Amino acid sequence: MARSIIIDCDPGTDDAIALFLALGNPALEIRLVTVAGGNVGLGHTMRNARALVGLAGKSIPVIAGADRPLLGSFEDAAYVHGENGLGGIQLPDGPPATPGLAADAIRAALRQAGPNGLTLVGLGPATNLALALATEPALAANVAEIVLMTGAWAEGNITPAAEFNAWSDPEALAIVMACARPITLATLDLTSQALCTPARLAALAQGQGTCRATAAAILATVPPTKRLAQPGSPQHDSCAIAWLLAPETFTHREVHVTVDCTNGPGRGQTIIDRWDRLGRPANARLLDTLNPDRFFALLDESFNRLP
Ligand code: RIB
Ligand code: CA
């Protein structure tokens with residue numbers, strides 16, 4: 001029985017790989033792809049999401065959402081993802097966007113899903129998810145699980161304290177964290193284990209298919225991450241998808257997480273109490289480790305199923 005999910009994203013080079021991972025695995029039934037501004041502006045992230053879904057040959061609604069955070073101003077990460085969000089790689093235009101707004105579409109899908117009927121996967125700023133859950137809180141009962149690539153318990157990647165998705169809209173993340181549904185976090189500390197090294201990229205590029213070749217070309221544009229000792233690009237967003245596909249290859253623990261929504265140097269920090277020092281009730285599952293070989297095998301298997 002395929003698991004029904006909604007993917008909210010901001011493609012984004014690593015979002016692109018995560019979309020291919022999900023689109024190429026029949027264990028996931030992607031009901032909607034909703035899009036926010038994040039890595040780059042909403043115009044680019046929407047075009048990219050439509051193009052990636054089109055390249056995969058799938059007819060899945062792609063719906064635009066927030067082009068900015070709930071509070072504060074929009075800041076992109078084009079210095080990592082390129083001006084167009086895919087490292088400059090140009091894709092053929094995909095199917096047209098489905099009219100409407102992401103938050104409304106997420107709520108409509110939740111209404112239709114029934115109790116525990118739908119998993120929400122957040123791969124960008126949590127704005128769309130927060131708008132959907134905050135404006136109709138009763139629908140949270142239909143959320144089976146929320147899986148977020150967000151946060152870090154060690155250092156951040158946009159400020160010393162904060163990871164980009166959490167930093168982009170900390171108030172939205174705090175709203176999602178408060179919805180009292182099972183939440184699983186793929187933080188930077190996990191995603192650094194899914195490092196697409198030059199050797200992994202060369203292996204991934206072996207094989208057929210336009211999606212595989214496109215992914216390899218996109219991955220080749222990603223600049224090295226000075227935060228990590230080894231060369232390569234951490235596949236942040238794919239870790240959230242891989243959790244749904246192969247949970248047995250992860251270790252994890254239950255933790256209490258607080259989101260810093262102040263306007264100081266810690267804004268956007270996810271304060272993750274890994275050792276339960278404060279004795280507060282856990283509100284999230286923190287993914288600790290993954291099996292990199294299994295992770296990249298899942299990617300390869302998805303590309304084998306995609307055009
Ligand atoms: O910090 C990594 C996250 O921010 C990833 O989702 C990446 O796509 C960017 O959105
Ligand atoms: Ca992302």
# chains A, B, ... in the order shown; residues from 1 in each chain; ligands from 1
>>> select_by_dssp(residues="segment 106-201 of chain A", states="strand (DSSP E)", output="compact mmCIF listing (two decimals) with N, CA, C and O atoms, in the first residue's frame")
# COMPACT_ATOMS: atom_id res chain seq x y z
N LEU A 118 -2.55 11.25 5.67
CA LEU A 118 -1.64 11.94 4.76
C LEU A 118 -0.36 12.31 5.51
O LEU A 118 -0.41 12.76 6.65
N THR A 119 0.77 12.12 4.86
CA THR A 119 2.07 12.52 5.44
C THR A 119 2.52 13.80 4.75
O THR A 119 2.46 13.89 3.52
N LEU A 120 2.94 14.76 5.56
CA LEU A 120 3.42 16.04 5.01
C LEU A 120 4.94 16.02 5.06
O LEU A 120 5.53 15.77 6.12
N VAL A 121 5.57 16.29 3.92
CA VAL A 121 7.03 16.32 3.85
C VAL A 121 7.47 17.75 3.53
O VAL A 121 7.08 18.29 2.49
N GLY A 122 8.21 18.36 4.43
CA GLY A 122 8.66 19.74 4.26
C GLY A 122 10.13 19.80 3.92
O GLY A 122 10.97 19.38 4.71
N VAL A 143 -3.24 14.18 9.75
CA VAL A 143 -1.81 14.11 9.42
C VAL A 143 -1.21 12.88 10.09
O VAL A 143 -1.23 12.76 11.32
N ALA A 144 -0.72 11.96 9.27
CA ALA A 144 -0.11 10.75 9.84
C ALA A 144 1.25 11.09 10.46
O ALA A 144 1.60 10.63 11.54
N GLU A 145 2.02 11.90 9.75
CA GLU A 145 3.38 12.27 10.19
C GLU A 145 3.81 13.49 9.39
O GLU A 145 3.37 13.69 8.25
N ILE A 146 4.64 14.30 10.03
CA ILE A 146 5.27 15.43 9.33
C ILE A 146 6.77 15.16 9.33
O ILE A 146 7.35 14.91 10.42
N VAL A 147 7.37 15.11 8.16
CA VAL A 147 8.81 14.86 8.06
C VAL A 147 9.44 16.13 7.49
O VAL A 147 9.05 16.59 6.42
N LEU A 148 10.37 16.70 8.24
CA LEU A 148 10.96 17.98 7.84
C LEU A 148 12.47 17.86 7.70
O LEU A 148 13.13 17.31 8.62
N MET A 149 12.98 18.36 6.59
CA MET A 149 14.41 18.64 6.55
C MET A 149 14.52 20.04 7.12
O MET A 149 14.13 21.04 6.46
N ILE A 183 6.28 14.22 14.46
CA ILE A 183 7.18 15.02 13.62
C ILE A 183 8.55 14.35 13.59
O ILE A 183 9.08 13.99 14.65
N THR A 184 9.10 14.17 12.42
CA THR A 184 10.43 13.58 12.26
C THR A 184 11.35 14.62 11.62
O THR A 184 10.97 15.24 10.62
N LEU A 185 12.51 14.81 12.22
CA LEU A 185 13.43 15.86 11.75
C LEU A 185 14.68 15.25 11.13
O LEU A 185 15.36 14.43 11.76
N ALA A 186 14.97 15.68 9.90
CA ALA A 186 16.25 15.38 9.25
C ALA A 186 17.06 16.68 9.31
O ALA A 186 16.81 17.61 8.53
N LEU A 195 26.38 12.38 1.98
CA LEU A 195 27.27 13.26 1.20
C LEU A 195 27.51 12.70 -0.19
O LEU A 195 28.02 11.58 -0.32
N CYS A 196 27.11 13.45 -1.19
CA CYS A 196 27.35 13.01 -2.57
C CYS A 196 28.78 13.42 -2.95
O CYS A 196 29.00 14.51 -3.50
>>> residues_near_ligand(ligand="ligand 2", cutoff="7 Å", atoms="only C-alpha atoms and all ligand atoms", output="number ranges by chain")
A: 9-12, 14-15, 39, 123-124, 237
>>> residues_near_ligand(ligand="ligand 1", cutoff="10 Å", atoms="only C-alpha atoms and all ligand atoms", output="PyMOL selection string")
chain A and resi 9-18+36-40+76-77+80-81+85+122-125+148-152+156-158+162-168+186-188+191+234-240
>>> closest_residue(among="A:Thr262, A:Phe296, A:Arg68, A:Ile271", to="Ala199 of chain A", atoms="only C-alpha atoms")
A:Phe296
>>> residues_around(residues="Ala297 of chain A", least_positions_apart="3", cutoff="12 Å", atoms="only C-alpha atoms", output="number ranges by chain")
A: 21, 194, 200, 203-204, 242, 245-246, 249, 291-294, 300-304
>>> atom_distance(atom1="atom CA of Asn263 of chain A", atom2="atom CA of Ala172 of chain A")
14.7 Å
>>> closest_residue(among="A:Pro247, A:Gly54, A:Gly43, A:Gly114", to="Ser4 of chain A", atoms="only C-alpha atoms")
A:Gly114
>>> residues_around(residues="Ala56 of chain A", least_positions_apart="2", cutoff="7 Å", atoms="only C-alpha atoms", output="list in words")
Leu23, Leu52, Val53, Gly54, Lys58, Cys211, Leu306 and Pro307 of chain A
>>> atom_distance(atom1="atom CA of Ile175 of chain A", atom2="atom CA of Asp288 of chain A")
23.4 Å
>>> closest_residue(among="A:Ile218, A:Leu42, A:Met1, A:Leu173", to="Leu131 of chain A", atoms="only C-alpha atoms")
A:Leu173
>>> closest_residue(among="A:Asn283, A:Ser59, A:Thr34, A:Thr221", to="Arg47 of chain A", atoms="only C-alpha atoms")
A:Thr34
>>> select_by_dssp(residues="segment 12-243 of chain A", states="helix (DSSP H, G or I)", output="PyMOL selection string")
chain A and resi 13-23+42-55+78-81+102-113+127-135+137-142+164-168+170-177+188-191+198-205+210-219+236-243
>>> closest_residue(among="A:Asp189, A:Leu71, A:Ala22, A:Pro231", to="Trp153 of chain A", atoms="only C-alpha atoms")
A:Asp189
>>> closest_residue(among="A:Thr214, A:Gln269, A:Thr197, A:Thr127", to="Phe74 of chain A", atoms="only C-alpha atoms")
A:Thr127
>>> atom_distance(atom1="atom CA of His252 of chain A", atom2="atom CA of Glu155 of chain A")
19.1 Å
>>> residues_around(residues="Gly279 of chain A", least_positions_apart="4", cutoff="10 Å", atoms="only C-alpha atoms", output="ChimeraX atom specification")
/A:255-256,273,275
